[in-house]
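This report refers to the structure that appears directly beneath it.
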Amino acid sequence: MNGNDESASLARVELFAQRFYARYAEAVDSADEKALRSLLAADVELTRAGRTDRGIEAFLDVYRTHWAQGIGLCQHQVTNVSVERDLDGVRATAYFRALFFEEARTRLIVGRYVDDLVESGDEPHAGLVVTHKRNVVQRIVTLPTADVIE
């Protein structure tokens, strides 16, 4: 593969990674288990707070617990997506901010994703699926409740 082909391939993978994170954030924020499941490899791992859960059901259980909290509005924002190819697939890194608008408070969670992704041809989400998701929380800011604007 020449330099132009490698650059085009890396640009394609970076676009797929951005699409992956957009779909991930939307699935988590809308409690769409089916959409989230479609982004997971069969042997997926999730590492957060020093703990690793293995397998699709264990991964989804983490989010089922989150959704069961009944948070009024949750918004994930993912920026600064960067990718590198390796022999096993793609290492993607990104910044995230998650806003949880709860009844008694608002929380802003700031951190990084460091994820291993592989290409998948499965329709309708051809692109990337995650084999190892690492959610690295760097700060949690507790704020007053936010007003609902209708």
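Residue numbers start at 1 in each chain; chains themselves are named A, B, ... in the order of the structure tokens; ligands are numbered from 1 in the order shown.
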
Skip Gln75 (chain A) itself and residues of its chain fewer than 4 positions away, then list as a list in words all residues within 7 Å of it, counting only C-alpha atoms.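 So, after excluding close chain neighbours, the residues are Asp29, Ala98, Leu99 and Phe100 of chain A.
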
Atoms to include: C-alpha atoms. Write the selected residues as a PDB file, in the first residue's frame.
ATOM      1  CA  ASP A  29     -28.393   8.589  25.862  1.00  0.00           C
ATOM      2  CA  ALA A  98     -21.361  13.358  29.869  1.00  0.00           C
ATOM      3  CA  LEU A  99     -24.039  15.575  31.351  1.00  0.00           C
ATOM      4  CA  PHE A 100     -26.562  13.923  33.648  1.00  0.00           C
TER       5      PHE A 100
END

Nearest-residue call for Glu26 (chain A), choices A:Arg64, A:Arg12, A:Val78, A:Glu57, using only C-alpha atoms: A:Val78

Quick one: residues within 12 Å of His66 (chain A), only C-alpha atoms, excluding same-chain residues fewer than 3 positions away - as a count of residues only? 17

Closest of A:Thr142, A:Arg54, A:Ala11, A:Ala49 to Arg107 (chain A) - atom-to-atom distances counting only C-alpha atoms: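 Of A:Thr142, A:Arg54, A:Ala11, A:Ala49, the one nearest Arg107 (chain A), counting only C-alpha atoms, is A:Thr142.
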
With a distance cut-off of 7 Å and only C-alpha atoms, select the neighbouring residues of region 36-44 of chain A, excluding the residue or stretch itself and same-chain residues fewer than 4 positions from it, and output the selection as JSON, numbers by chain. {"A": [24, 27, 28, 32, 54, 55, 56, 129, 130, 131, 132]}

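In terms of minimum interatomic distance to Gly111 (chain A), A:Gln138 ranks closest within A:Gln138, A:Thr145, A:Thr93, A:Thr79, counting only C-alpha atoms.
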
Which polymer residues have any atom within 7 Å of an atom of region 80-92 of chain A, counting only C-alpha atoms, with same-chain residues fewer than 6 positions away left out, as a PDB file with N, CA and C atoms, in the first residue's frame?
ATOM      1  N   GLU A  14     -10.885   6.687  10.510  1.00  0.00           N
ATOM      2  CA  GLU A  14     -11.179   7.794  11.417  1.00  0.00           C
ATOM      3  C   GLU A  14     -12.636   8.225  11.286  1.00  0.00           C
ATOM      4  N   GLN A  18     -15.493   8.089  14.226  1.00  0.00           N
ATOM      5  CA  GLN A  18     -16.388   9.191  14.587  1.00  0.00           C
ATOM      6  C   GLN A  18     -17.839   8.732  14.530  1.00  0.00           C
ATOM      7  N   VAL A 114     -10.436   5.078  25.537  1.00  0.00           N
ATOM      8  CA  VAL A 114      -9.290   4.429  24.908  1.00  0.00           C
ATOM      9  C   VAL A 114      -9.804   3.055  24.497  1.00  0.00           C
ATOM     10  N   ASP A 115     -10.157   2.920  23.226  1.00  0.00           N
ATOM     11  CA  ASP A 115     -10.932   1.760  22.790  1.00  0.00           C
ATOM     12  C   ASP A 115     -10.246   0.985  21.674  1.00  0.00           C
ATOM     13  N   ASP A 116     -10.421  -0.324  21.707  1.00  0.00           N
ATOM     14  CA  ASP A 116      -9.980  -1.199  20.625  1.00  0.00           C
ATOM     15  C   ASP A 116     -11.197  -1.525  19.772  1.00  0.00           C
ATOM     16  N   LEU A 117     -11.078  -1.252  18.475  1.00  0.00           N
ATOM     17  CA  LEU A 117     -12.177  -1.440  17.537  1.00  0.00           C
ATOM     18  C   LEU A 117     -11.710  -2.325  16.391  1.00  0.00           C
ATOM     19  N   VAL A 118     -12.654  -3.037  15.794  1.00  0.00           N
ATOM     20  CA  VAL A 118     -12.368  -3.822  14.592  1.00  0.00           C
ATOM     21  C   VAL A 118     -13.421  -3.509  13.544  1.00  0.00           C
TER      22      VAL A 118
END

Write out as a PyMOL selection string the set of residues from region 10-148 of chain A that DSSP, computed on the backbone, places in strand (DSSP E). chain A and resi 40-48+51-54+73-86+89-101+106-120+127-143

DSSP alpha helix (DSSP H) selection over chain A, as a PyMOL selection string: chain A and resi 3-29+33-37+56-68

Export of prior selection with C-alpha atoms as a JSON list (two decimals), in the first residue's frame:
[["chain", "number", "residue", "atom", "x", "y", "z"],
["A", 3, "GLY", "CA", 1.39, 6.51, 1.19],
["A", 4, "ASN", "CA", -1.76, 7.87, -0.48],
["A", 5, "ASP", "CA", -3.60, 4.57, -0.01],
["A", 6, "GLU", "CA", -2.55, 4.42, 3.65],
["A", 7, "SER", "CA", -3.72, 7.99, 4.25],
["A", 8, "ALA", "CA", -7.06, 7.29, 2.56],
["A", 9, "SER", "CA", -7.48, 4.09, 4.57],
["A", 10, "LEU", "CA", -6.68, 5.86, 7.84],
["A", 11, "ALA", "CA", -9.08, 8.70, 6.96],
["A", 12, "ARG", "CA", -11.81, 6.11, 6.29],
["A", 13, "VAL", "CA", -11.17, 4.42, 9.64],
["A", 14, "GLU", "CA", -11.18, 7.79, 11.42],
["A", 15, "LEU", "CA", -14.57, 8.58, 9.85],
["A", 16, "PHE", "CA", -15.84, 5.15, 10.96],
["A", 17, "ALA", "CA", -14.55, 5.86, 14.50],
["A", 18, "GLN", "CA", -16.39, 9.19, 14.59],
["A", 19, "ARG", "CA", -19.55, 7.43, 13.41],
["A", 20, "PHE", "CA", -19.01, 4.71, 16.04],
["A", 21, "TYR", "CA", -18.82, 7.29, 18.84],
["A", 22, "ALA", "CA", -21.87, 9.19, 17.56],
["A", 23, "ARG", "CA", -23.88, 5.95, 17.50],
["A", 24, "TYR", "CA", -22.55, 4.92, 20.90],
["A", 25, "ALA", "CA", -23.49, 8.24, 22.50],
["A", 26, "GLU", "CA", -26.96, 8.20, 20.92],
["A", 27, "ALA", "CA", -27.58, 4.60, 22.03],
["A", 28, "VAL", "CA", -26.51, 5.29, 25.61],
["A", 29, "ASP", "CA", -28.39, 8.59, 25.86],
["A", 33, "GLU", "CA", -30.14, -1.46, 23.96],
["A", 34, "LYS", "CA", -30.51, -2.86, 20.45],
["A", 35, "ALA", "CA", -28.44, -0.04, 18.95],
["A", 36, "LEU", "CA", -25.79, -0.39, 21.65],
["A", 37, "ARG", "CA", -25.64, -4.17, 21.15],
["A", 56, "ILE", "CA", -22.03, -8.67, 25.65],
["A", 57, "GLU", "CA", -24.48, -9.29, 28.50],
["A", 58, "ALA", "CA", -22.02, -8.07, 31.15],
["A", 59, "PHE", "CA", -21.33, -4.97, 29.05],
["A", 60, "LEU", "CA", -25.04, -4.29, 28.59],
["A", 61, "ASP", "CA", -25.73, -4.88, 32.30],
["A", 62, "VAL", "CA", -23.58, -1.83, 33.10],
["A", 63, "TYR", "CA", -25.78, 0.32, 30.87],
["A", 64, "ARG", "CA", -29.01, -1.31, 32.02],
["A", 65, "THR", "CA", -28.07, -0.26, 35.56],
["A", 66, "HIS", "CA", -27.39, 3.27, 34.32],
["A", 67, "TRP", "CA", -30.72, 3.44, 32.48],
["A", 68, "ALA", "CA", -32.60, 2.10, 35.52]]

Computed interatomic separation between CA of Asp53 (chain A) and CA of Gln77 (chain A) (Å):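 Separation between CA of Asp53 (chain A) and CA of Gln77 (chain A): 23.4 Å.
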
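When only C-alpha atoms are used to compute distances to Glu102 (chain A), the closest of the residues A:Ser120, A:Lys133, A:His76, A:Pro144 turns out to be A:Pro144.
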